[in-house]
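Enquirer: Below you will find the structure I want to go over with you.
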Amino acid sequence: MAEARTEAAPVATDLRQWQGSVPWWSAICRLAPRIVWTVVSIGLFAGIWEICWALGWADPKLLPPPHVFLGAISDQAKFFNTVSRWQVGAGQAEPPPPALAVVYTVLATTGRVFVGLLIASILAISTGIAIRYFTLFERLTLPTIILLAPVSPIAWLPVAIFLFGIGNKPAIFMVVIALLFHMVLATINQIDNVNRNFLNVARTMGATKRQVYFHVIIPAILPQLFIVLRFNLFGAWMVVLVAEATGVGYGLGQVIMLGRNTFNPSLVFFTIVLIGVLGGSFDWLMRMVQRKVLYWVPHEAGTLRGL
Amino acid sequence: MASRVFKPFSSKSAVVCRNLGKVWGEGTPRAQEALRDIDLDIAPGEFVVLLGPSGCGKSTLLFLLAGLERATSGHCWFFGDLVDNPSPERSLIFQETSLFPWLRVWQNVSFGLSIRGLGVAERREIARQALQRVGLAEAFGKRPDELSGGMRQRVAVARALAMRPKVLLMDEPFAALDVQTRTKMQDFLGDVWSQSGASVLFVTHHIEEAVALADRVVVFTARPGRIKTIIPVDLPRPRDLFSPGAELLRRDLTQSLREEVDRAFAEQEALAS
Ligand SMILES: Nc1ncnc2c1ncn2[C@@H]1O[C@H](COP(=O)(O)OP(=O)(O)OP(=O)(O)O)[C@@H](O)[C@H]1O
Ligand SMILES: [Mg+2]
């Protein structure tokens with residue numbers, strides 16, 4: 001292990017040199033078109049909605065257009081005070097100010113997403129590798145995993161509540177259980193698709209099974225696993241909302257339910273925007289991480305553009 | 001065939017195959033016989049070129065010799081030891097690039113040494129030497145995807161050489177390269193081979209490669225692959241590819257390869273109709 005760390009050193013210095021040679025403003029120039037197109041894309045969508053509203057096609061009571069539900073933010077923020085029911089540094093009696101309540105709620109949901117995703121990926125990747133490594137383990141577990149994979153997360157809801165009651169735990173459990181089995185199967189699939197030549201090279205060099213796994217299979221499947229992780233991030237966001245909406249505690253899902261029960265479309269759309277922005281930003285963040293960590297993977301499918 | 005007696009052989013041969021055969025998927029309905037009754041001896045330091053029509057089992061033979069697959073009949077020996085597992089002393093170089101994209105060039109070259117547990121400093125030094133021998137010293141810290149196809153194959157050769165193998169098994173290593181690059185690579189391989197003292201078993205479709213490199217040319221029949229003829233080459237090195245001797249050899253090889261390719265095609269057509 002110590003050896004592996006020293007080995008990584010030249011890579012890191014190379015990256016730093018490379019970054020150093022690129023001035024900061026050129027990075028912004030490179031990003032500018034993408035930012036502009038993101039704004040245009042959202043603007044187009046919001047614009048159509050606004051036009052429908054202006055023409056009277058969209059009832060503002062049911063489908064309030066963006067300027068209405070975003071304009072009402074300060075008004076809506078107080079509904080996020082579901083947080084005061086749980087002790088997050090705020091006393092039971094005096095709820096936090098509305099803006100802070102939004103932050104608490106967002107943090108609570110995001111935290112569940114990330115903890116759930118982290119646990120699910122660690123469990124799934126190690127289980128997947130163990131399944132291919134130990135034949136007996138495969139025989140014991142794989143059939144059950146395949147049977148459980150198609151079960152909808154909704155079916156796990158009662159189980160989550162039986163086991164963990166309400167609070168953070170059942171929500172995290174839901175995220176983990178919803179992602180785990182698919183991720184195990186994805187990991188196994190990645191292992192099976194590792195280039196045979198890579199394995200044969202390692203074997204002709206005298207690598208043991210253990211060495212083949214650690215030096216070849218794991219690095220070879222990392223890029224695809226990272227993409228699996230990114231897609232499952234979206235899955236985690238979806239599941240956590242379901243869990244929260246059914247009352248495991250405060251969070252964005254509960255705000256949505258509140259919006260539904262009190263017939264407050266503005267609140268619902270505001271929360272949807274919030275989730276979209278959060279999910280999108282985290283996906284972007286993970287892409288950045290992917291670029292830095294998996295430096296050997298081509299960044300973009302640029303070739304398709306040429307068609 | 002079963003009555004065939006093992007020929008006595010000297011363990012001084014680098015590689016000995018006796019009665020070697022391989023049926024892929026033996027015992028299944030899709031069983032396919034790739035090799036039959038291969039008897040072949042390779043002397044230490046000898047350069048043997050294996051020529052044969054596509055699909056005749058050339059790669060299969062290399063896999064058996066490398067110890068990556070088990071023969072379904074017969075055996076092969078490596079300096080007197082039965083081959084039953086892969087060993088770093090028998091390096092296989094593949095047709096497609098097989099460099100690990102997540103490792104730098106020098107890490108790729110010294111991969112086998114890290115498997116053996118050598119320290120970083122030592123590995124860097126050996127990698128540097130091996131890269132120098134293939135003329136790619138400047139590629140040391142690069143990533144494989146920054147190299148051209150020819151450079152990648154040279155790195156693959158360096159990776160094999162770094163293990164100091166006694167036998168180099170090469171499976172059409174230059175097939176994907178253009179004619180000019182391939183000619184350069186032949187010259188380079190000839191130099192590397194004469195310096196390393198290893199035996200080489202070199203698989204190719206290209207008669208030119210056989211003329212340029214071989215001490216002996218083994219011509220295979222169409223599938224199942226058997227040895228059709230073995231043609232010794234005693235042209236002086238470095239080879240003059242336009243000498244009368246080379247012309248003669250080229251004609252012989254073309255002739256016997258064409259017969260087999262024709263047979264392979266006739267067989268496929270018979271199967272299709
Ligand atoms: N892993 C495998 N499993 C089953 N059959 C195989 C396998 N590898 C090769 N074969 C079969 O064995 C036969 C010989 O294949 P092989 O790859 O050795 O031919 P080759 O002479 O190397 O051909 P080429 O010149 O096209 O590379 C083919 O019919 C092929 O279908
Ligand atoms: Mg082949």
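Each chain of the structure tokens is named A, B, ... in the order shown, its residues numbered from 1; ligands are numbered from 1 in display order.
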Please, which residues of chain B lie no more than 7 Å from chain A when the count uses only C-alpha atoms, and can they be set out as an MDAnalysis selection string?
Expert: chainID B and resid 66 86:88 91:92 98 101:102 112 115
Enquirer: Show me which residues line ligand 2, defined as having an atom within 12 Å of a ligand atom where only C-alpha atoms and all ligand atoms count, and present them as number ranges by chain.
Expert: B: 34, 50-63, 93-96, 170-173, 175, 202-205
Enquirer: What's the separation between CA of Gly141 in chain B and CA of Ala121 in chain B, in Å to one decimal place?
Expert: 14.3 Å
Enquirer: Skipping near chain neighbours, those fewer than 2 positions away, what residues fall within 10 Å of Leu63 in chain A using only C-alpha atoms, listed as a list in words?
Expert: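 What passes the distance filter is Trp49, Cys52, Trp53, Trp57, Ala58, Asp59, Pro60, Lys61, Pro65, Pro66, Val68, Phe69, Pro265, Ser266 and Phe269 of chain A.
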Enquirer: Limited to all heavy atoms, could you put the picked residues into a file as a short mmCIF file (atom, residue, chain, number, x, y, z; two decimals), in the first residue's frame?
Expert:
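File produced: again05.cif:
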data_model
loop_
_atom_site.label_atom_id
_atom_site.label_comp_id
_atom_site.auth_asym_id
_atom_site.auth_seq_id
_atom_site.Cartn_x
_atom_site.Cartn_y
_atom_site.Cartn_z
N TRP A 49 -43.40 28.39 -20.47
CA TRP A 49 -44.33 28.36 -19.34
C TRP A 49 -44.95 29.75 -19.12
O TRP A 49 -46.17 29.89 -18.99
CB TRP A 49 -43.56 27.91 -18.10
CG TRP A 49 -44.41 27.44 -16.96
CD1 TRP A 49 -45.75 27.64 -16.79
CD2 TRP A 49 -43.95 26.70 -15.83
NE1 TRP A 49 -46.16 27.06 -15.63
CE2 TRP A 49 -45.07 26.47 -15.01
CE3 TRP A 49 -42.73 26.20 -15.43
CZ2 TRP A 49 -44.99 25.78 -13.81
CZ3 TRP A 49 -42.64 25.51 -14.24
CH2 TRP A 49 -43.76 25.30 -13.44
N CYS A 52 -47.45 30.60 -21.79
CA CYS A 52 -48.72 29.91 -21.55
C CYS A 52 -49.53 30.64 -20.49
O CYS A 52 -50.75 30.78 -20.58
CB CYS A 52 -48.46 28.47 -21.10
SG CYS A 52 -47.86 27.43 -22.41
N TRP A 53 -48.80 31.13 -19.48
CA TRP A 53 -49.49 31.85 -18.41
C TRP A 53 -50.07 33.16 -18.96
O TRP A 53 -51.22 33.50 -18.73
CB TRP A 53 -48.49 32.12 -17.28
CG TRP A 53 -48.97 33.13 -16.27
CD1 TRP A 53 -49.86 32.94 -15.27
CD2 TRP A 53 -48.58 34.51 -16.20
NE1 TRP A 53 -50.06 34.10 -14.56
CE2 TRP A 53 -49.27 35.07 -15.12
CE3 TRP A 53 -47.71 35.30 -16.94
CZ2 TRP A 53 -49.12 36.41 -14.75
CZ3 TRP A 53 -47.55 36.63 -16.58
CH2 TRP A 53 -48.25 37.18 -15.50
N TRP A 57 -53.42 30.13 -20.76
CA TRP A 57 -53.58 28.68 -20.89
C TRP A 57 -53.25 27.93 -19.61
O TRP A 57 -53.79 26.88 -19.34
CB TRP A 57 -52.67 28.13 -22.01
CG TRP A 57 -53.09 28.59 -23.38
CD1 TRP A 57 -54.26 29.16 -23.72
CD2 TRP A 57 -52.31 28.51 -24.56
NE1 TRP A 57 -54.30 29.46 -25.05
CE2 TRP A 57 -53.10 29.07 -25.60
CE3 TRP A 57 -51.04 28.03 -24.87
CZ2 TRP A 57 -52.65 29.16 -26.91
CZ3 TRP A 57 -50.60 28.12 -26.18
CH2 TRP A 57 -51.39 28.68 -27.19
N ALA A 58 -52.30 28.51 -18.84
CA ALA A 58 -51.91 27.84 -17.60
C ALA A 58 -52.54 28.57 -16.43
O ALA A 58 -52.28 29.75 -16.21
CB ALA A 58 -50.38 27.83 -17.47
N ASP A 59 -53.40 27.87 -15.71
CA ASP A 59 -54.06 28.48 -14.56
C ASP A 59 -53.03 28.76 -13.47
O ASP A 59 -52.41 27.83 -12.95
CB ASP A 59 -55.13 27.51 -14.04
CG ASP A 59 -55.95 28.13 -12.92
OD1 ASP A 59 -55.50 29.16 -12.36
OD2 ASP A 59 -57.01 27.56 -12.61
N PRO A 60 -52.83 30.04 -13.09
CA PRO A 60 -51.79 30.34 -12.08
C PRO A 60 -52.07 29.70 -10.73
O PRO A 60 -51.15 29.56 -9.92
CB PRO A 60 -51.81 31.87 -12.01
CG PRO A 60 -53.09 32.29 -12.62
CD PRO A 60 -53.50 31.24 -13.58
N LYS A 61 -53.30 29.27 -10.48
CA LYS A 61 -53.57 28.62 -9.20
C LYS A 61 -53.04 27.19 -9.20
O LYS A 61 -52.68 26.65 -8.15
CB LYS A 61 -55.07 28.62 -8.92
CG LYS A 61 -55.61 29.98 -8.57
CD LYS A 61 -56.79 29.85 -7.60
CE LYS A 61 -57.43 31.19 -7.36
NZ LYS A 61 -58.01 31.75 -8.65
N PRO A 65 -46.50 30.13 -12.90
CA PRO A 65 -45.27 30.22 -13.68
C PRO A 65 -44.08 30.62 -12.79
O PRO A 65 -44.29 31.10 -11.68
CB PRO A 65 -45.57 31.30 -14.71
CG PRO A 65 -46.62 32.13 -14.07
CD PRO A 65 -47.44 31.22 -13.20
N PRO A 66 -42.86 30.43 -13.28
CA PRO A 66 -41.67 30.65 -12.46
C PRO A 66 -41.65 31.99 -11.74
O PRO A 66 -41.30 32.03 -10.56
CB PRO A 66 -40.53 30.55 -13.48
CG PRO A 66 -41.05 29.64 -14.54
CD PRO A 66 -42.53 29.89 -14.60
N VAL A 68 -43.94 33.70 -10.56
CA VAL A 68 -44.85 33.71 -9.42
C VAL A 68 -44.27 32.89 -8.27
O VAL A 68 -44.10 33.38 -7.16
CB VAL A 68 -46.24 33.17 -9.82
CG1 VAL A 68 -47.13 33.03 -8.59
CG2 VAL A 68 -46.88 34.08 -10.86
N PHE A 69 -43.89 31.61 -8.57
CA PHE A 69 -43.47 30.79 -7.42
C PHE A 69 -42.08 31.15 -6.93
O PHE A 69 -41.76 30.97 -5.77
CB PHE A 69 -43.63 29.29 -7.68
CG PHE A 69 -42.72 28.66 -8.69
CD1 PHE A 69 -41.39 28.41 -8.40
CD2 PHE A 69 -43.23 28.27 -9.93
CE1 PHE A 69 -40.58 27.79 -9.32
CE2 PHE A 69 -42.41 27.66 -10.86
CZ PHE A 69 -41.08 27.43 -10.56
N PRO A 265 -49.39 24.98 -4.84
CA PRO A 265 -48.53 24.62 -5.97
C PRO A 265 -47.22 25.40 -5.97
O PRO A 265 -46.18 24.86 -6.35
CB PRO A 265 -49.35 24.98 -7.20
CG PRO A 265 -50.73 25.21 -6.73
CD PRO A 265 -50.69 25.49 -5.27
N SER A 266 -47.26 26.65 -5.53
CA SER A 266 -46.02 27.44 -5.53
C SER A 266 -44.95 26.75 -4.71
O SER A 266 -43.78 26.67 -5.11
CB SER A 266 -46.28 28.83 -4.93
OG SER A 266 -46.90 29.63 -5.90
N PHE A 269 -43.60 23.70 -6.61
CA PHE A 269 -42.68 24.01 -7.72
C PHE A 269 -41.37 24.59 -7.20
O PHE A 269 -40.29 24.29 -7.71
CB PHE A 269 -43.34 24.98 -8.71
CG PHE A 269 -44.34 24.29 -9.57
CD1 PHE A 269 -45.68 24.66 -9.57
CD2 PHE A 269 -43.95 23.23 -10.39
CE1 PHE A 269 -46.60 24.01 -10.36
CE2 PHE A 269 -44.87 22.57 -11.17
CZ PHE A 269 -46.20 22.96 -11.16
#
Enquirer: In Å, how far is it from CA of Gln268 in chain B to atom 12 (O, counted along the ligand's line) of ligand 1?
Expert: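 Rounded to one decimal, the two atoms are 14.4 Å apart.
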Enquirer: Just how far from CA of Gln186 in chain B is CA of Asp234 in chain B, in Å to one decimal?
Expert: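 Interatomic distance here is 17.7 Å.
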Enquirer: Using DSSP secondary structure from the backbone, list all alpha helix (DSSP H) positions within range 26-262 of chain B, as a count of residues only.
Expert: 91
